[in-house]
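Q: Below is the structure I would like to discuss, written out as structure tokens.
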Amino acid sequence: MKKRALISVSDKRNIVEFAAGLVNLNFEIISTGGTLKTLQDADIPAIPIDQVTGFPEILDGRVKTLHPLVHGGLLAKRSNPDHVKQLEVNQIHPIDLVVVNLYPFKQTLEKPGVSKEEIIENIDIGGPTMLRSAAKNYADVLVVVDPSDYEFTLQSLETGTVDLDVRQKFAAKVFRHTANYDAMIGSYFLTQTAEEFPETYTVTYEKVQSLRYGENPHQIAAFYKNPIQDGMSLANAEQLHGKELSFNNIQDANAAVEILAEYDGPTAVAVKHMNPCGIGMGASIEEAFQEAFEADPVSIFGGIIALNREVDSQTAEKLSEIFLEIVIAPSFSEKALDILTSKKNIRLLTMDMNRNNQQKFRLTTIDGGMLIQSNDDGVIEEKDLEVVTKKSPSDAELKQLLFAWKAVKHVKSNAIVLAKNNQTVGIGAGQMNRVGAARIAIEQAGSKAIGAVMASDAFFPMPDTVEAAIKAGVTAIIQPGGSKRDQDSIDVCNRHGIAMVFTGMRHFKH
């Protein structure tokens with residue numbers, strides 16, 4: 001009895017060559033639908049599935065392989081005499097090899113203007129069922145889901161036997177593949193039903209690359225991406241130049257991109273250790289970078305720069321003058337690329353700067369569990385502010401308060417940001433007490449603190465932070481409010497004639 005292979009693929013890359021190799025190895029091929037036509041058009045002998053089942057494909061192809069003559073051939077254990085006898089009694093031909101990949105659900109979701117009906121029709125039923133049946137019986141059935149495994153499979157079959165560990169490895173890949181597929185479908189229906197936290201939470205990510213190590217050389221790491229995430233995402237960036245990104249590069253670059261998304265005008269963001277060390281806005285991207293650089297010319301060394309406008313030659317010249325790990329921008333002019341690619345160690349990335357407005361969640365693992373929360377997408381506009389002091393901020397101060405508020409949202413708590421003229425001039429991050437963060441920011445700002453505004457990511461539990469800001473020359477403060485001792489801070493501001501506004505929104509970042 002000839003060995004039998006069942007081939008049914010949506011991704012038809014190299015399938016003709018693979019099938020031809022199977023025929024040369026004396027396999028009999030059965031196939032379905034479009035795959036059958038592809039093989040027959042290439043003069044590869046193939047048996048239609050309905051000739052095996054004795055039943056036509058029905059319901060527009062929804063039912064074609066869901067049949068005992070197919071799944072009996074997949075699930076029978078060759079080492080079990082009773083199974084073998086049942087195959088003989090029911091005239092079921094064993095299937096020795098399954099080559100299946102699934103309807104393009106992900107690609108269908110990504111199509112502009114796709115209808116719900118088309119999405120539903122691209123949920124594969126027969127394919128996952130065949131894959132799971134074959135994978136369950138991997139000791140007897142070799143199952144191939146990945147076209148990149150075709151060549152290795154042929155080479156293994158040419159030896160006469162395929163080792164059990166290879167069969168198990170391929171079976172494991174199948175179950176990961178079907179889990180990934182089902183997770184994408186589950187995520188789609190979750191968006192349709194608007195359930196935020198269902199009884200189980202299944203996510204899937206696809207591997208982008210292995211990394212040399214994690215945060216430290218003794219840690220292993222890899223980079224994965226959400227397979228259906230589009231828009232402004234580092235996972236979708238294209239690298240134009242430089243060596244592979246490291247674990248810490250990716251963390252820092254993502255932080256820079258998230259900060260950049262807060263600003264509309266020409267903006268440059270410099271990041272070190274996932275905190276901004278400088279944010280600048282300007283009339284041009286060159287001016288914006290200059291502002292970001294001058295915000296902290298020491299910390300920017302070895303940092304990551306993200307810009308929301310094309311990098312021109314003038315900006316590239318300035319970028320090339322300092323050591324930077326990564327520059328991210330929507331694009332680079334030809335001359336800018338010539339300038340920057342002359343530096344061997346710099347990485348250049350381009351990415352879509354269009355913000356994705358779909359609801360996104362942030363997952364944080366703990367030992368034995370996971371925390372899930374929505375992204376901190378809270379936005380405060382001028383109309384949302386409550387002036388709580390006798391003095392109101394001027395129009396110029398309001399503009400700077402909102403600039404600083406967008407920045408402090410992305411600084412590790414406890415966080416204080418001082419800003420002036422569309423530039424961060426002092427940043428205090430990750431301190432155990434708020435006045436400590438303020439002192440760091442004030443010390444960094446130096447004389448620039450005079451006439452600056454201050455943003456705090458959370459309320460002031462006592463007025464010491466406000467007193468330190470006023471002593472440094474700060475003229476206006478933005479903070480969430482909500483402390484039992486808010487009035488103490490308000491009174492200090494009133495005594496010194498400076499303005500303070502409440503946002504009613506906190507921005508803790510742990």
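Letters A, B, ... mark the chains of the structure tokens in the order given; residue numbers begin at 1 per chain; ligand numbers begin at 1, in order shown.
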At a cut-off of 10 Å, using only C-alpha atoms, what residues contact Asp165 in chain A? Leave out same-chain residues fewer than 6 positions from it and give the result as a list of chain:residue names.
A: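 My reading of the contact set: A:Tyr138, A:Ala139, A:Ala171.
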Q: Pick out the residues sitting within 10 Å of Met462 in chain A, and hand them over as an mmCIF file with C-alpha atoms, in the first residue's frame; count only C-alpha atoms, and ignore anything fewer than 6 positions along from it in its own chain.
A:
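Result file is around39.cif:
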data_model
loop_
_atom_site.group_PDB
_atom_site.id
_atom_site.type_symbol
_atom_site.label_atom_id
_atom_site.label_comp_id
_atom_site.auth_asym_id
_atom_site.auth_seq_id
_atom_site.Cartn_x
_atom_site.Cartn_y
_atom_site.Cartn_z
ATOM 1 C CA ARG A 434 8.187 63.622 45.433
ATOM 2 C CA VAL A 435 10.347 66.379 46.832
ATOM 3 C CA SER A 483 -4.577 65.268 48.438
ATOM 4 C CA LYS A 484 -6.159 65.852 51.828
ATOM 5 C CA ARG A 485 -3.607 68.648 52.140
ATOM 6 C CA ASP A 486 -4.162 70.281 48.733
ATOM 7 C CA GLN A 487 -5.015 73.537 50.459
ATOM 8 C CA ASP A 488 -1.554 73.738 52.030
ATOM 9 C CA SER A 489 0.040 73.747 48.561
#
Q: Calculated over only C-alpha atoms, which of the candidates A:Val411, A:Leu240, A:Ile250, A:Ile119 has the smallest distance to Asp338 in chain A?
A: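 For Asp338 in chain A, the nearest of the given residues is A:Leu240.
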Q: Within range 168-398 of chain A, find each residue whose DSSP state, derived from the backbone, is helix (DSSP H, G or I), and express the selection as a PyMOL selection string.
A: chain A and resi 168-193+234-236+247-260+285-295+313-320+334-340+382-384+395-398
Q: Residues within 7 Å of Gly504 in chain A, please, as a VMD selection string. Count only C-alpha atoms; anything in the same chain fewer than 2 positions from it doesn't count.
A: chain A and resid 480 to 481 502 506
Q: Among range 343-459 of chain A, which residues does DSSP mark as strand (DSSP E) when it is run on the backbone? Keep the chain and numbering as in the structure and answer as a PyMOL selection string.
A: chain A and resi 347-350+361-366+369-374+386-387+416-419+424-428+453-456
Q: Could the residues in this selection be written to a file with C-alpha atoms, as an mmCIF file, in the first residue's frame?
A:
data_model
loop_
_atom_site.group_PDB
_atom_site.id
_atom_site.type_symbol
_atom_site.label_atom_id
_atom_site.label_comp_id
_atom_site.auth_asym_id
_atom_site.auth_seq_id
_atom_site.Cartn_x
_atom_site.Cartn_y
_atom_site.Cartn_z
ATOM 1 C CA ARG A 347 20.837 52.116 14.156
ATOM 2 C CA LEU A 348 18.363 53.882 11.889
ATOM 3 C CA LEU A 349 14.687 52.945 12.017
ATOM 4 C CA THR A 350 11.676 54.211 10.094
ATOM 5 C CA PHE A 361 -3.893 46.777 26.930
ATOM 6 C CA ARG A 362 -0.632 46.499 28.764
ATOM 7 C CA LEU A 363 0.360 43.136 30.217
ATOM 8 C CA THR A 364 2.747 42.859 33.151
ATOM 9 C CA THR A 365 3.825 39.457 34.364
ATOM 10 C CA ILE A 366 4.299 38.654 38.024
ATOM 11 C CA GLY A 369 0.366 35.452 37.146
ATOM 12 C CA MET A 370 -0.237 38.528 35.076
ATOM 13 C CA LEU A 371 -1.694 42.004 35.484
ATOM 14 C CA ILE A 372 -3.662 43.569 32.646
ATOM 15 C CA GLN A 373 -4.657 47.194 32.315
ATOM 16 C CA SER A 374 -5.606 49.557 29.527
ATOM 17 C CA GLU A 386 -9.154 73.686 37.153
ATOM 18 C CA VAL A 387 -7.406 76.858 38.301
ATOM 19 C CA ILE A 416 8.629 65.906 38.265
ATOM 20 C CA VAL A 417 9.211 67.782 34.993
ATOM 21 C CA LEU A 418 10.240 71.401 34.546
ATOM 22 C CA ALA A 419 9.612 72.949 31.129
ATOM 23 C CA THR A 424 12.109 70.092 29.179
ATOM 24 C CA VAL A 425 14.730 71.764 31.322
ATOM 25 C CA GLY A 426 14.685 69.438 34.323
ATOM 26 C CA ILE A 427 13.431 65.886 34.879
ATOM 27 C CA GLY A 428 13.323 64.032 38.176
ATOM 28 C CA VAL A 453 6.625 75.610 34.822
ATOM 29 C CA MET A 454 6.463 72.397 36.801
ATOM 30 C CA ALA A 455 4.417 69.222 36.264
ATOM 31 C CA SER A 456 3.903 66.504 38.877
#
Q: Compile the contact shell of Glu17 in chain A as a PyMOL selection string: residues with an atom at most 12 Å away, counting only C-alpha atoms, same-chain residues fewer than 6 positions apart removed.
A: chain A and resi 23-24+38-39+42-44+147+150-151+154
Q: What does the file look like for those residues with N, CA, C and O atoms, as an mmCIF file, in the first residue's frame?
A:
data_model
loop_
_atom_site.group_PDB
_atom_site.id
_atom_site.type_symbol
_atom_site.label_atom_id
_atom_site.label_comp_id
_atom_site.auth_asym_id
_atom_site.auth_seq_id
_atom_site.Cartn_x
_atom_site.Cartn_y
_atom_site.Cartn_z
ATOM 1 N N VAL A 23 5.922 12.818 -4.646
ATOM 2 C CA VAL A 23 5.592 11.849 -5.699
ATOM 3 C C VAL A 23 6.830 11.018 -6.032
ATOM 4 O O VAL A 23 6.757 9.790 -6.216
ATOM 5 N N ASN A 24 7.986 11.668 -6.106
ATOM 6 C CA ASN A 24 9.237 10.955 -6.388
ATOM 7 C C ASN A 24 9.576 9.949 -5.287
ATOM 8 O O ASN A 24 10.287 8.969 -5.522
ATOM 9 N N THR A 38 -4.043 23.713 -8.222
ATOM 10 C CA THR A 38 -2.643 24.119 -8.379
ATOM 11 C C THR A 38 -1.772 22.914 -8.721
ATOM 12 O O THR A 38 -0.905 22.986 -9.608
ATOM 13 N N LEU A 39 -1.981 21.813 -8.039
ATOM 14 C CA LEU A 39 -1.176 20.615 -8.290
ATOM 15 C C LEU A 39 -1.485 20.019 -9.658
ATOM 16 O O LEU A 39 -0.567 19.646 -10.404
ATOM 17 N N ALA A 42 0.010 21.822 -12.485
ATOM 18 C CA ALA A 42 1.458 21.574 -12.573
ATOM 19 C C ALA A 42 1.752 20.124 -12.924
ATOM 20 O O ALA A 42 2.904 19.672 -12.825
ATOM 21 N N ASP A 43 0.711 19.371 -13.332
ATOM 22 C CA ASP A 43 0.854 17.965 -13.718
ATOM 23 C C ASP A 43 1.343 17.077 -12.581
ATOM 24 O O ASP A 43 2.046 16.077 -12.794
ATOM 25 N N ILE A 44 0.963 17.475 -11.343
ATOM 26 C CA ILE A 44 1.247 16.623 -10.186
ATOM 27 C C ILE A 44 0.015 15.741 -9.969
ATOM 28 O O ILE A 44 -1.093 16.257 -9.771
ATOM 29 N N PRO A 147 5.773 26.160 5.540
ATOM 30 C CA PRO A 147 6.474 25.949 4.264
ATOM 31 C C PRO A 147 7.994 25.950 4.386
ATOM 32 O O PRO A 147 8.681 25.320 3.583
ATOM 33 N N TYR A 150 9.568 22.410 4.390
ATOM 34 C CA TYR A 150 9.407 21.475 3.272
ATOM 35 C C TYR A 150 10.721 20.791 2.895
ATOM 36 O O TYR A 150 10.777 19.565 2.723
ATOM 37 N N GLU A 151 11.761 21.567 2.738
ATOM 38 C CA GLU A 151 13.038 21.010 2.286
ATOM 39 C C GLU A 151 13.568 19.995 3.296
ATOM 40 O O GLU A 151 13.993 18.892 2.926
ATOM 41 N N LEU A 154 11.528 16.704 3.120
ATOM 42 C CA LEU A 154 11.910 15.828 1.999
ATOM 43 C C LEU A 154 13.225 15.118 2.285
ATOM 44 O O LEU A 154 13.370 13.912 2.031
#
Q: Which is closer to Ser331 in chain A than all the others in A:Val408, A:Ala441, A:Leu245, A:Leu307, using only C-alpha atoms?
A: A:Leu307
Q: Go through A:Lys136, A:Asn308, A:Glu199, A:Arg355 one by one, measure the shortest atom-to-atom distance of each to Asp230 in chain A using only C-alpha atoms, and give the residue with the smallest value.
A: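 Of A:Lys136, A:Asn308, A:Glu199, A:Arg355, the one nearest Asp230 in chain A, counting only C-alpha atoms, is A:Arg355.
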Q: Of the candidates A:Asn249, A:Thr32, A:Gln51, A:Ser233, which shows the shortest atom-to-atom distance to Tyr213 in chain A, using only C-alpha atoms?
A: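 Among A:Asn249, A:Thr32, A:Gln51, A:Ser233, it is A:Asn249 that comes nearest to Tyr213 in chain A.
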Q: Between A:Thr53, A:Leu87, A:Tyr188, A:Ile478, which one has atoms that come closest to Lys116 in chain A, using only C-alpha atoms?
A: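 The answer is A:Tyr188, which sits nearest to Lys116 in chain A.
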Q: Work out how far CA of Glu117 in chain A is from CA of Val144 in chain A, in Å to one decimal.
A: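 Pair CA of Val144 in chain A / CA of Glu117 in chain A returns 29.4 Å.
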Q: Give me, as a PyMOL selection string, all polymer residues having an atom no more than 9 Å from Glu381 in chain A, counting only C-alpha atoms and skipping those fewer than 4 positions away in the same chain.
A: chain A and resi 385+402+503
Q: Which residue gives the smallest distance to Glu88 in chain A among A:Thr267, A:Leu69, A:Phe289, A:Ile328, with only C-alpha atoms counted?
A: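 Answer, going by the shortest atom-to-atom distance: A:Leu69.
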Q: Just want the 12 Å neighbourhood of Glu28 in chain A, counted on only C-alpha atoms, with same-chain residues fewer than 4 positions away dropped. Output as a PyMOL selection string.
A: chain A and resi 1-7+19-24+44-48+52+93-98
Q: Would you mind listing what lies within 10 Å of Ala306 in chain A as an mmCIF file with N, CA and C atoms, in the first residue's frame, with only C-alpha atoms counted and same-chain residues fewer than 6 positions away left out?
A:
data_model
loop_
_atom_site.group_PDB
_atom_site.id
_atom_site.type_symbol
_atom_site.label_atom_id
_atom_site.label_comp_id
_atom_site.auth_asym_id
_atom_site.auth_seq_id
_atom_site.Cartn_x
_atom_site.Cartn_y
_atom_site.Cartn_z
ATOM 1 N N ALA A 253 13.579 52.333 22.904
ATOM 2 C CA ALA A 253 12.987 52.854 21.669
ATOM 3 C C ALA A 253 11.472 52.911 21.778
ATOM 4 N N ASN A 254 10.888 51.896 22.390
ATOM 5 C CA ASN A 254 9.438 51.896 22.573
ATOM 6 C C ASN A 254 9.000 53.054 23.465
ATOM 7 N N ALA A 255 9.761 53.303 24.524
ATOM 8 C CA ALA A 255 9.444 54.437 25.404
ATOM 9 C C ALA A 255 9.500 55.748 24.634
ATOM 10 N N ALA A 256 10.506 55.901 23.775
ATOM 11 C CA ALA A 256 10.638 57.131 22.989
ATOM 12 C C ALA A 256 9.459 57.320 22.047
ATOM 13 N N VAL A 257 9.034 56.239 21.411
ATOM 14 C CA VAL A 257 7.911 56.305 20.473
ATOM 15 C C VAL A 257 6.618 56.657 21.201
ATOM 16 N N GLU A 258 6.413 56.081 22.391
ATOM 17 C CA GLU A 258 5.203 56.373 23.159
ATOM 18 C C GLU A 258 5.156 57.840 23.582
ATOM 19 N N ILE A 259 6.294 58.394 23.939
ATOM 20 C CA ILE A 259 6.336 59.816 24.306
ATOM 21 C C ILE A 259 6.059 60.672 23.080
ATOM 22 N N LEU A 260 6.686 60.331 21.970
ATOM 23 C CA LEU A 260 6.539 61.111 20.743
ATOM 24 C C LEU A 260 5.079 61.201 20.308
ATOM 25 N N THR A 267 8.716 67.521 16.787
ATOM 26 C CA THR A 267 9.141 67.158 18.144
ATOM 27 C C THR A 267 10.275 66.148 18.088
ATOM 28 N N ALA A 268 11.194 66.273 19.023
ATOM 29 C CA ALA A 268 12.271 65.301 19.197
ATOM 30 C C ALA A 268 12.278 64.845 20.645
ATOM 31 N N VAL A 269 12.471 63.555 20.837
ATOM 32 C CA VAL A 269 12.489 62.965 22.175
ATOM 33 C C VAL A 269 13.789 62.189 22.338
ATOM 34 N N ALA A 270 14.485 62.462 23.430
ATOM 35 C CA ALA A 270 15.690 61.705 23.766
ATOM 36 C C ALA A 270 15.391 60.854 24.987
ATOM 37 N N VAL A 271 15.763 59.565 24.946
ATOM 38 C CA VAL A 271 15.437 58.629 26.023
ATOM 39 C C VAL A 271 16.684 57.895 26.481
ATOM 40 N N ILE A 279 13.055 66.556 25.845
ATOM 41 C CA ILE A 279 11.980 66.667 24.860
ATOM 42 C C ILE A 279 11.977 68.099 24.361
ATOM 43 N N PHE A 289 15.153 69.017 17.528
ATOM 44 C CA PHE A 289 16.253 68.210 18.034
ATOM 45 C C PHE A 289 17.214 69.050 18.860
ATOM 46 N N ILE A 326 20.286 54.796 18.630
ATOM 47 C CA ILE A 326 19.208 54.631 17.644
ATOM 48 C C ILE A 326 18.628 55.992 17.294
ATOM 49 N N VAL A 327 18.269 56.155 16.039
ATOM 50 C CA VAL A 327 17.455 57.291 15.595
ATOM 51 C C VAL A 327 16.222 56.727 14.903
ATOM 52 N N ILE A 328 15.049 57.151 15.354
ATOM 53 C CA ILE A 328 13.770 56.695 14.793
ATOM 54 C C ILE A 328 13.061 57.894 14.191
ATOM 55 N N ALA A 329 12.556 57.735 12.984
ATOM 56 C CA ALA A 329 11.846 58.830 12.307
ATOM 57 C C ALA A 329 10.906 58.225 11.268
ATOM 58 N N PRO A 330 9.942 59.010 10.797
ATOM 59 C CA PRO A 330 9.084 58.488 9.728
ATOM 60 C C PRO A 330 9.844 58.235 8.438
ATOM 61 N N LEU A 349 15.975 53.600 12.173
ATOM 62 C CA LEU A 349 14.687 52.945 12.017
ATOM 63 C C LEU A 349 13.671 53.920 11.451
ATOM 64 N N THR A 350 12.825 53.426 10.545
ATOM 65 C CA THR A 350 11.676 54.211 10.094
ATOM 66 C C THR A 350 10.409 53.507 10.544
#
